[in-house]
There are 2 protein chains.
Amino acid sequence: MSLTININGVICNEENAKISVLDRGFLYGDSVYEVTYSQDSRFLFLDEHLDRLWNSASLLGMEIEYSRPKLIEEILKTARSSALEQAYVRVVITGGSGSIDLSRSSIGPQNLVIYVKERPLYPLEMYEKGINLKIVSRPRNDRRSLDPNAKSGNYLNNVLAIQEARKHGAYDAIMANINGEITEGSTFNIWMVKDGVVITPHENTGLLKGITRQKVIELCQAHAIELELGRFSAHDLYRADEVFITSSTKGIMPVSKVDGASFGVGNHQAPITQLLRQHYNQLVSQYLKSTGYSYANFSD
Amino acid sequence: MSLTININGVICNEENAKISVLDRGFLYGDSVYEVTYSQDSRFLFLDEHLDRLWNSASLLGMEIEYSRPKLIEEILKTARSSALEQAYVRVVITGGSGSIDLSRSSIGPQNLVIYVKERPLYPLEMYEKGINLKIVSRPRNDRRSLDPNAKSGNYLNNVLAIQEARKHGAYDAIMANINGEITEGSTFNIWMVKDGVVITPHENTGLLKGITRQKVIELCQAHAIELELGRFSAHDLYRADEVFITSSTKGIMPVSKVDGASFGVGNHQAPITQLLRQHYNQLVSQYLKSTGYSYANFSD
């Protein structure tokens with residue numbers, strides 16, 4: 001799959017998209033990032049993602065040197081250059097290059113890398129049959145040590161979680177915190193439905209407040225679906241009526257299995273998941289009709 | 001300070017030392033590293049550092065693709081190319097480049113980066129006067145989430161610790177675990193002496209087992225100095241008779257201050273620290289006379 005990459009304003013292809021090995025992103029994972037996608041040359045919830053990018057930086061004591069309009073301009077430029085109407089975009093801002101020194105005392109300008117590639121569509125079958133997850137033994141990073149609410153270049157905790165899940169034949173990983181409370185997946189938020197109530201872990205358990213998570217919270221409120229931001233264990237999750245996940249790239253995806261526990265999917269067995277999916281897909285369609293930043297009619 | 005960099009066997013200078021932005025070290029901090037130095041063209045404890053590099057990889061579920069002799073050859077080649085007799089060397093091995101995917105399912109060969117620069121010597125004054133440290137509020141990564149015993153590309157926990165310490169006017173940071181037990185510094189191990197006993201945190205508190213730490217443990221045993229690998233709090237540390245740190249680049253460095261608590265330094269006020277320093281410096285001198293890998297007499 002071909003990639004269009006923008007490094008500090010210069011568009012490159014995959015082969016020459018390189019960064020200094022003195023970059024703090026490479027040395028220490030000292031970087032922040034966001035991912036979203038476009039449809040018909042319009043970006044989904046880009047403002048929300050940029051808000052979070054700035055919040056990630058703030059949680060990591062980093063001050064982003066780019067202005068927001070400049071960053072949007074570079075994102076649109078990269079997308080336009082890719083000529084893709086359905087695009088995946090990843091924006092990375094690093095602490096810059098300097099001497100090899102853990103402290104941020106002698107660093108140059110921050111580095112900006114924007115990746116654009118074709119939007120990977122998850123097979124319809126996954127949405128129909130649901131996915132198979134595992135609650136891994138490795139706890140999510142404690143928020144006091146490194147807040148999962150910062151999307152950063154430190155993703156080994158998640159890499160190891162997904163590796164553990166795959167080793168056991170699951171598609172992806174759910175992680176608990178060190179107190180055994182379920183927090184989130186490797187790259188998604190986790191939800192369950194129990195006795196008609198939609199429940200997702202409270203942010204204080206230590207998780208990334210997903211953009212899609214926030215939209216689903218708002219949809220529950222708008223449609224008078226009972227919602228709880230709570231604390232629950234693996235055992236509680238096993239006894240749920242319905243389970244689903246949310247992420248910017250996957251939207252709302254039903255879960256058919258967590259460890260040994262099975263869950264119904266589809267309209268009859270998971271009616272609240274399906275209802276929320278309908279509402280969410282409608283929200284996205286509506287948004288993409290007019291609201292998102294478009295790179296369709298630009299010309300140089 | 002000029003750098004000589006080896007990327008996958010090719011020697012570069014600082015300007016052209018670049019790596020793909022698809023490298024997993026850059027994207028996720030999915031890499032391992034080690035640092036040591038040379039004196040008179042001979043590397044200190046390189047075997048011990050390479051043992052630990054392999055151990056870091058193993059803790060991160062990564063299998064190093066380079067053979068140990070090949071890696072040593074590349075390190076010596078880079079050092080020789082630098083023409084530096086007193087060199088700092090950093091070896092990084094990353095998970096390789098692939099598609100943008102958290103799982104390690106579609107990745108190419110691992111990337112090897114070796115940095116060589118002039119060895120930074122810490123001023124004698126620091127050893128004479130001691131350094132000023134702060135126990136920061138941010139806890140060290142919990143070992144169940146991401147084991148500090150793996151030296152990896154995920155160093156934000158330490159970056160934020162040192163930033164907090166500097167903000168409060170301290171030279172560097174000491175970190176406790178989430179139970180309040182002292183673990184280690186941002187890039188060093190921490191020690192105290194109380195009533196004639198040398199005490200350093202047990203590895204189970206969650207720390208990197210330093211090479212210098214291990215040498216000091218062995219020196220205590222060889223010289224019948226009472227040693228304890230224990231668990232202690234900030235409060236215990238404040239009441240120590242002597243405090244010092246160990247690291248590969250700093251050796252044994254006395255500490256004069258931790259938060260509000262002051263400690264004596266020098267022969268009279270910190271006799272055990274000074275004794276260990278003498279023993280350690282002697283060990284290093286002895287080792288560097290004949291034992292270490294040398295790049296002095298190579299020719300192309």
# chains A, B, ... in the order shown; residues from 1 in each chain; ligands from 1
call {"tool": "interface_residues", "arguments": {"of": "chain B", "to": "chain A", "cutoff": "8 Å", "atoms": "only C-alpha atoms", "output": "ChimeraX atom specification"}}
result
/B:15-21,25-30,60-61,102-104,113,138-142,144-146,152-160,162-163
call {"tool": "write_last_selection", "arguments": {"atoms": "N, CA, C and O atoms", "output": "compact mmCIF listing (two decimals), in the first residue's frame"}}
result
# COMPACT_ATOMS: atom_id res chain seq x y z
N GLU B 15 24.76 14.33 9.77
CA GLU B 15 23.81 14.90 8.83
C GLU B 15 23.03 13.84 8.05
O GLU B 15 21.86 14.00 7.75
N ASN B 16 23.72 12.77 7.67
CA ASN B 16 23.01 11.76 6.87
C ASN B 16 22.62 10.52 7.67
O ASN B 16 22.24 9.51 7.10
N ALA B 17 22.67 10.61 8.99
CA ALA B 17 22.29 9.46 9.83
C ALA B 17 20.79 9.49 10.04
O ALA B 17 20.28 10.09 11.00
N LYS B 18 20.08 8.86 9.13
CA LYS B 18 18.63 8.90 9.18
C LYS B 18 18.03 7.51 9.10
O LYS B 18 18.64 6.58 8.57
N ILE B 19 16.81 7.42 9.62
CA ILE B 19 16.11 6.14 9.65
C ILE B 19 14.68 6.35 9.14
O ILE B 19 14.12 7.43 9.26
N SER B 20 14.12 5.29 8.59
CA SER B 20 12.75 5.38 8.06
C SER B 20 11.77 5.79 9.15
O SER B 20 11.85 5.33 10.29
N VAL B 21 10.81 6.64 8.79
CA VAL B 21 9.76 7.01 9.75
C VAL B 21 8.77 5.86 9.96
O VAL B 21 7.85 5.97 10.76
N GLY B 25 10.94 1.65 16.10
CA GLY B 25 11.55 2.44 17.17
C GLY B 25 10.98 3.85 17.17
O GLY B 25 10.66 4.41 18.22
N PHE B 26 10.82 4.40 15.98
CA PHE B 26 10.27 5.76 15.85
C PHE B 26 8.77 5.77 16.14
O PHE B 26 8.27 6.66 16.83
N LEU B 27 8.04 4.79 15.62
CA LEU B 27 6.57 4.79 15.77
C LEU B 27 6.12 4.46 17.20
O LEU B 27 5.19 5.09 17.72
N TYR B 28 6.76 3.46 17.80
CA TYR B 28 6.25 2.93 19.07
C TYR B 28 7.29 2.87 20.19
O TYR B 28 6.99 2.40 21.29
N GLY B 29 8.52 3.30 19.89
CA GLY B 29 9.60 3.09 20.87
C GLY B 29 9.93 1.62 21.01
O GLY B 29 10.43 1.18 22.05
N ASP B 30 9.66 0.85 19.95
CA ASP B 30 9.86 -0.61 19.98
C ASP B 30 11.31 -0.91 19.63
O ASP B 30 11.64 -1.33 18.51
N LEU B 60 11.03 -7.93 26.19
CA LEU B 60 10.09 -7.25 25.30
C LEU B 60 9.60 -8.17 24.18
O LEU B 60 9.00 -7.71 23.20
N GLY B 61 9.85 -9.47 24.31
CA GLY B 61 9.36 -10.43 23.32
C GLY B 61 9.98 -10.24 21.94
O GLY B 61 9.39 -10.56 20.92
N LEU B 102 0.50 -1.95 15.11
CA LEU B 102 1.02 -2.15 16.46
C LEU B 102 1.57 -3.56 16.65
O LEU B 102 2.59 -3.75 17.31
N SER B 103 0.90 -4.54 16.05
CA SER B 103 1.37 -5.93 16.20
C SER B 103 2.62 -6.09 15.37
O SER B 103 2.85 -5.38 14.40
N ARG B 104 3.42 -7.05 15.77
CA ARG B 104 4.69 -7.24 15.06
C ARG B 104 4.53 -8.24 13.92
O ARG B 104 5.43 -9.04 13.67
N VAL B 113 21.49 0.71 15.00
CA VAL B 113 22.11 2.04 14.98
C VAL B 113 23.14 2.10 16.11
O VAL B 113 22.82 1.81 17.26
N ARG B 138 6.28 11.56 40.29
CA ARG B 138 5.88 10.58 39.27
C ARG B 138 6.48 9.21 39.59
O ARG B 138 7.69 9.07 39.67
N PRO B 139 5.67 8.17 39.75
CA PRO B 139 6.23 6.85 40.06
C PRO B 139 6.92 6.22 38.85
O PRO B 139 6.54 6.48 37.71
N ARG B 140 7.90 5.39 39.12
CA ARG B 140 8.55 4.59 38.08
C ARG B 140 7.50 3.66 37.49
O ARG B 140 6.60 3.20 38.19
N ASN B 141 7.62 3.40 36.17
CA ASN B 141 6.74 2.41 35.52
C ASN B 141 6.69 1.14 36.36
O ASN B 141 7.72 0.63 36.78
N ASP B 142 5.49 0.63 36.56
CA ASP B 142 5.35 -0.63 37.29
C ASP B 142 5.93 -1.77 36.45
O ASP B 142 5.69 -1.85 35.25
N ARG B 144 5.17 -4.78 36.18
CA ARG B 144 4.19 -5.67 35.54
C ARG B 144 3.70 -5.07 34.22
O ARG B 144 3.33 -5.80 33.30
N SER B 145 3.69 -3.73 34.13
CA SER B 145 3.23 -3.07 32.89
C SER B 145 4.35 -2.96 31.86
O SER B 145 4.18 -3.27 30.69
N LEU B 146 5.50 -2.51 32.31
CA LEU B 146 6.67 -2.38 31.42
C LEU B 146 7.90 -2.42 32.32
O LEU B 146 8.20 -1.45 33.01
N SER B 152 14.75 0.24 26.85
CA SER B 152 14.00 0.29 25.59
C SER B 152 13.89 1.70 25.05
O SER B 152 14.40 2.66 25.63
N GLY B 153 13.17 1.85 23.95
CA GLY B 153 12.89 3.16 23.37
C GLY B 153 11.70 3.85 24.02
O GLY B 153 11.26 4.88 23.53
N ASN B 154 11.19 3.31 25.11
CA ASN B 154 10.08 3.93 25.87
C ASN B 154 10.66 4.59 27.11
O ASN B 154 10.72 3.97 28.17
N TYR B 155 11.09 5.84 26.97
CA TYR B 155 11.74 6.49 28.10
C TYR B 155 11.01 7.73 28.60
O TYR B 155 11.59 8.55 29.33
N LEU B 156 9.74 7.88 28.20
CA LEU B 156 9.01 9.08 28.63
C LEU B 156 8.85 9.16 30.14
O LEU B 156 8.87 10.25 30.71
N ASN B 157 8.67 8.03 30.79
CA ASN B 157 8.55 8.01 32.25
C ASN B 157 9.78 8.70 32.88
O ASN B 157 9.65 9.56 33.77
N ASN B 158 10.96 8.38 32.35
CA ASN B 158 12.20 8.97 32.86
C ASN B 158 12.38 10.41 32.40
O ASN B 158 12.87 11.25 33.16
N VAL B 159 11.99 10.69 31.14
CA VAL B 159 12.09 12.07 30.63
C VAL B 159 11.26 13.00 31.52
O VAL B 159 11.72 14.08 31.91
N LEU B 160 10.05 12.55 31.87
CA LEU B 160 9.17 13.39 32.69
C LEU B 160 9.70 13.50 34.12
O LEU B 160 9.53 14.54 34.77
N ILE B 162 12.94 13.49 35.02
CA ILE B 162 14.07 14.43 35.04
C ILE B 162 13.57 15.86 34.85
O ILE B 162 14.06 16.80 35.48
N GLN B 163 12.53 16.01 34.03
CA GLN B 163 11.95 17.35 33.82
C GLN B 163 11.39 17.90 35.14
O GLN B 163 11.58 19.07 35.45
call {"tool": "select_by_dssp", "arguments": {"residues": "range 44-143 of chain B", "states": "strand (DSSP E or B)", "output": "ChimeraX atom specification"}}
result
/B:87-94,97-98,107,111-118,131-135
call {"tool": "write_last_selection", "arguments": {"atoms": "N, CA, C and O atoms", "output": "CSV table (one decimal), in the first residue's frame"}}
result
chain,number,residue,atom,x,y,z
B,87,ALA,N,35.7,7.0,24.1
B,87,ALA,CA,34.4,7.2,23.3
B,87,ALA,C,33.2,6.7,24.2
B,87,ALA,O,33.3,5.9,25.0
B,88,TYR,N,32.1,7.4,23.9
B,88,TYR,CA,30.8,7.0,24.4
B,88,TYR,C,30.2,6.2,23.3
B,88,TYR,O,30.3,6.6,22.1
B,89,VAL,N,29.6,5.1,23.6
B,89,VAL,CA,28.9,4.3,22.5
B,89,VAL,C,27.5,3.9,23.0
B,89,VAL,O,27.3,3.5,24.1
B,90,ARG,N,26.6,4.1,22.0
B,90,ARG,CA,25.2,3.7,22.3
B,90,ARG,C,24.8,2.8,21.1
B,90,ARG,O,25.0,3.1,20.0
B,91,VAL,N,24.2,1.6,21.5
B,91,VAL,CA,23.8,0.6,20.5
B,91,VAL,C,22.3,0.5,20.6
B,91,VAL,O,21.8,0.3,21.7
B,92,VAL,N,21.6,0.7,19.5
B,92,VAL,CA,20.2,0.6,19.5
B,92,VAL,C,19.8,-0.5,18.4
B,92,VAL,O,20.3,-0.4,17.3
B,93,ILE,N,18.9,-1.4,18.8
B,93,ILE,CA,18.3,-2.3,17.9
B,93,ILE,C,16.8,-2.1,17.9
B,93,ILE,O,16.2,-2.2,19.0
B,94,THR,N,16.2,-1.9,16.7
B,94,THR,CA,14.8,-1.6,16.7
B,94,THR,C,14.0,-2.8,16.1
B,94,THR,O,14.6,-3.7,15.5
B,97,SER,N,11.3,-2.0,10.2
B,97,SER,CA,10.3,-1.2,9.5
B,97,SER,C,9.2,-2.1,8.9
B,97,SER,O,9.5,-3.2,8.5
B,98,GLY,N,8.0,-1.6,8.9
B,98,GLY,CA,6.9,-2.4,8.3
B,98,GLY,C,5.8,-1.5,8.0
B,98,GLY,O,5.9,-0.3,7.8
B,107,ILE,N,6.8,-7.2,9.7
B,107,ILE,CA,7.9,-6.3,9.8
B,107,ILE,C,9.1,-6.8,9.0
B,107,ILE,O,9.3,-8.0,8.9
B,111,ASN,N,16.6,-2.9,12.6
B,111,ASN,CA,17.5,-1.9,12.3
B,111,ASN,C,18.5,-1.7,13.4
B,111,ASN,O,18.1,-1.7,14.6
B,112,LEU,N,19.8,-1.6,13.1
B,112,LEU,CA,20.9,-1.4,14.1
B,112,LEU,C,21.4,0.0,13.9
B,112,LEU,O,21.8,0.4,12.8
B,113,VAL,N,21.5,0.7,15.0
B,113,VAL,CA,22.1,2.0,15.0
B,113,VAL,C,23.1,2.1,16.1
B,113,VAL,O,22.8,1.8,17.3
B,114,ILE,N,24.4,2.5,15.8
B,114,ILE,CA,25.4,2.6,16.8
B,114,ILE,C,25.9,4.0,16.7
B,114,ILE,O,26.3,4.5,15.6
B,115,TYR,N,25.9,4.7,17.9
B,115,TYR,CA,26.4,6.1,18.0
B,115,TYR,C,27.7,6.1,18.7
B,115,TYR,O,27.8,5.5,19.8
B,116,VAL,N,28.7,6.8,18.2
B,116,VAL,CA,29.9,7.0,18.9
B,116,VAL,C,30.3,8.5,18.9
B,116,VAL,O,30.2,9.1,17.9
B,117,LYS,N,30.5,8.9,20.1
B,117,LYS,CA,31.0,10.3,20.3
B,117,LYS,C,32.0,10.4,21.4
B,117,LYS,O,32.3,9.4,22.1
B,118,GLU,N,32.6,11.5,21.5
B,118,GLU,CA,33.6,11.7,22.6
B,118,GLU,C,33.0,11.4,23.9
B,118,GLU,O,31.8,11.8,24.2
B,131,ILE,N,26.1,15.5,44.1
B,131,ILE,CA,25.0,16.1,43.3
B,131,ILE,C,23.8,16.2,44.2
B,131,ILE,O,23.6,15.6,45.2
B,132,ASN,N,22.8,17.0,43.6
B,132,ASN,CA,21.6,17.4,44.3
B,132,ASN,C,20.4,16.7,43.6
B,132,ASN,O,20.2,17.0,42.4
B,133,LEU,N,19.7,15.8,44.3
B,133,LEU,CA,18.7,15.0,43.6
B,133,LEU,C,17.3,15.3,44.2
B,133,LEU,O,17.2,15.8,45.4
B,134,LYS,N,16.3,15.0,43.5
B,134,LYS,CA,14.9,15.2,44.0
B,134,LYS,C,14.2,13.9,43.8
B,134,LYS,O,14.2,13.2,42.7
B,135,ILE,N,13.4,13.5,44.8
B,135,ILE,CA,12.5,12.3,44.7
B,135,ILE,C,11.2,12.9,44.1
B,135,ILE,O,10.5,13.6,44.7
call {"tool": "select_by_dssp", "arguments": {"residues": "range 74-152 of chain B", "states": "alpha helix (DSSP H)", "output": "PyMOL selection string"}}
result
chain B and resi 74-82+124-129
call {"tool": "residues_around", "arguments": {"residues": "Glu48 in chain B", "least_positions_apart": "4", "cutoff": "12 Å", "atoms": "only C-alpha atoms", "output": "short mmCIF file (atom, residue, chain, number, x, y, z; two decimals) with N, CA, C and O atoms, in the first residue's frame"}}
result
data_model
loop_
_atom_site.label_atom_id
_atom_site.label_comp_id
_atom_site.auth_asym_id
_atom_site.auth_seq_id
_atom_site.Cartn_x
_atom_site.Cartn_y
_atom_site.Cartn_z
N GLU B 34 21.78 -0.05 24.65
CA GLU B 34 22.78 -0.09 25.71
C GLU B 34 23.75 1.06 25.51
O GLU B 34 23.93 1.54 24.38
N VAL B 35 24.37 1.48 26.59
CA VAL B 35 25.39 2.53 26.53
C VAL B 35 26.61 2.09 27.33
O VAL B 35 26.47 1.59 28.45
N THR B 36 27.79 2.25 26.75
CA THR B 36 29.00 2.09 27.56
C THR B 36 30.06 3.05 27.01
O THR B 36 29.75 3.89 26.16
N PHE B 43 36.77 -1.07 25.37
CA PHE B 43 35.43 -0.89 25.93
C PHE B 43 35.29 -1.48 27.33
O PHE B 43 35.75 -2.59 27.60
N LEU B 44 34.60 -0.73 28.17
CA LEU B 44 34.38 -1.18 29.55
C LEU B 44 33.15 -2.10 29.62
O LEU B 44 32.06 -1.71 29.20
N ARG B 52 22.95 -7.81 28.75
CA ARG B 52 21.74 -7.08 29.14
C ARG B 52 20.91 -6.68 27.93
O ARG B 52 19.68 -6.67 27.98
N LEU B 53 21.58 -6.36 26.81
CA LEU B 53 20.84 -6.02 25.59
C LEU B 53 19.95 -7.19 25.18
O LEU B 53 18.77 -7.02 24.86
N TRP B 54 20.53 -8.39 25.24
CA TRP B 54 19.75 -9.58 24.88
C TRP B 54 18.63 -9.81 25.91
O TRP B 54 17.53 -10.23 25.54
N ASN B 55 18.92 -9.51 27.16
CA ASN B 55 17.88 -9.67 28.19
C ASN B 55 16.75 -8.66 28.00
O ASN B 55 15.57 -9.00 28.15
N LYS B 209 18.72 -3.40 36.59
CA LYS B 209 19.89 -3.91 37.30
C LYS B 209 21.14 -3.40 36.60
O LYS B 209 21.61 -3.97 35.61
N GLY B 210 21.67 -2.30 37.12
CA GLY B 210 22.82 -1.65 36.49
C GLY B 210 24.05 -2.54 36.50
O GLY B 210 24.24 -3.34 37.42
N ILE B 211 24.89 -2.36 35.49
CA ILE B 211 26.17 -3.09 35.43
C ILE B 211 27.04 -2.62 36.60
O ILE B 211 27.65 -3.43 37.30
N THR B 212 27.08 -1.30 36.81
CA THR B 212 27.90 -0.76 37.90
C THR B 212 27.32 -1.21 39.25
O THR B 212 28.07 -1.53 40.18
N ARG B 213 25.98 -1.24 39.34
CA ARG B 213 25.32 -1.74 40.55
C ARG B 213 25.84 -3.15 40.89
O ARG B 213 26.21 -3.43 42.03
N GLN B 214 25.90 -4.00 39.87
CA GLN B 214 26.34 -5.38 40.10
C GLN B 214 27.81 -5.42 40.54
O GLN B 214 28.18 -6.18 41.43
N LYS B 215 28.62 -4.55 39.95
CA LYS B 215 30.04 -4.51 40.32
C LYS B 215 30.19 -4.06 41.78
O LYS B 215 31.03 -4.58 42.51
N SER B 248 26.83 3.49 34.46
CA SER B 248 27.96 3.11 33.60
C SER B 248 28.79 4.33 33.20
O SER B 248 30.00 4.25 33.11
N GLY B 292 39.10 -5.62 28.28
CA GLY B 292 38.03 -5.17 27.38
C GLY B 292 38.34 -5.37 25.91
O GLY B 292 39.50 -5.50 25.50
N TYR B 293 37.29 -5.39 25.07
CA TYR B 293 37.46 -5.44 23.62
C TYR B 293 38.19 -4.19 23.18
O TYR B 293 37.78 -3.08 23.50
#
call {"tool": "atom_distance", "arguments": {"atom1": "CA of Val198 in chain B", "atom2": "CA of Leu227 in chain B"}}
result
4.8 Å
call {"tool": "residues_around", "arguments": {"residues": "range 249-253 of chain A", "least_positions_apart": "4", "cutoff": "7 Å", "atoms": "only C-alpha atoms", "output": "VMD selection string"}}
result
chain A and resid 36 127 130 212 244 to 245 277
call {"tool": "closest_residue", "arguments": {"among": "A:Ala222, A:Ser38, A:Glu74, A:Asn13", "to": "Ser285 in chain A", "atoms": "only C-alpha atoms"}}
result
A:Ser38
call {"tool": "closest_residue", "arguments": {"among": "B:Leu229, B:Val216, B:Leu121, B:Ile72", "to": "Asp47 in chain B", "atoms": "only C-alpha atoms"}}
result
B:Ile72
call {"tool": "atom_distance", "arguments": {"atom1": "CA of Ile182 in chain A", "atom2": "CA of Asp259 in chain A"}}
result
13.6 Å
call {"tool": "closest_residue", "arguments": {"among": "A:Lys129, A:Glu85, A:Asn149, A:Asn6", "to": "Ser56 in chain A", "atoms": "only C-alpha atoms"}}
result
A:Asn149
call {"tool": "closest_residue", "arguments": {"among": "A:Gly169, A:Thr78, A:Gln110, A:Leu283", "to": "Glu218 in chain A", "atoms": "only C-alpha atoms"}}
result
A:Leu283
call {"tool": "residues_around", "arguments": {"residues": "Tyr238 in chain A", "least_positions_apart": "6", "cutoff": "8 Å", "atoms": "only C-alpha atoms", "output": "PyMOL selection string"}}
result
chain A and resi 258+261-262
call {"tool": "residues_around", "arguments": {"residues": "Ser41 in chain A", "least_positions_apart": "5", "cutoff": "7 Å", "atoms": "only C-alpha atoms", "output": "list in words"}}
result
Glu85, Gln86, Ser294, Tyr295 and Ala296 of chain A
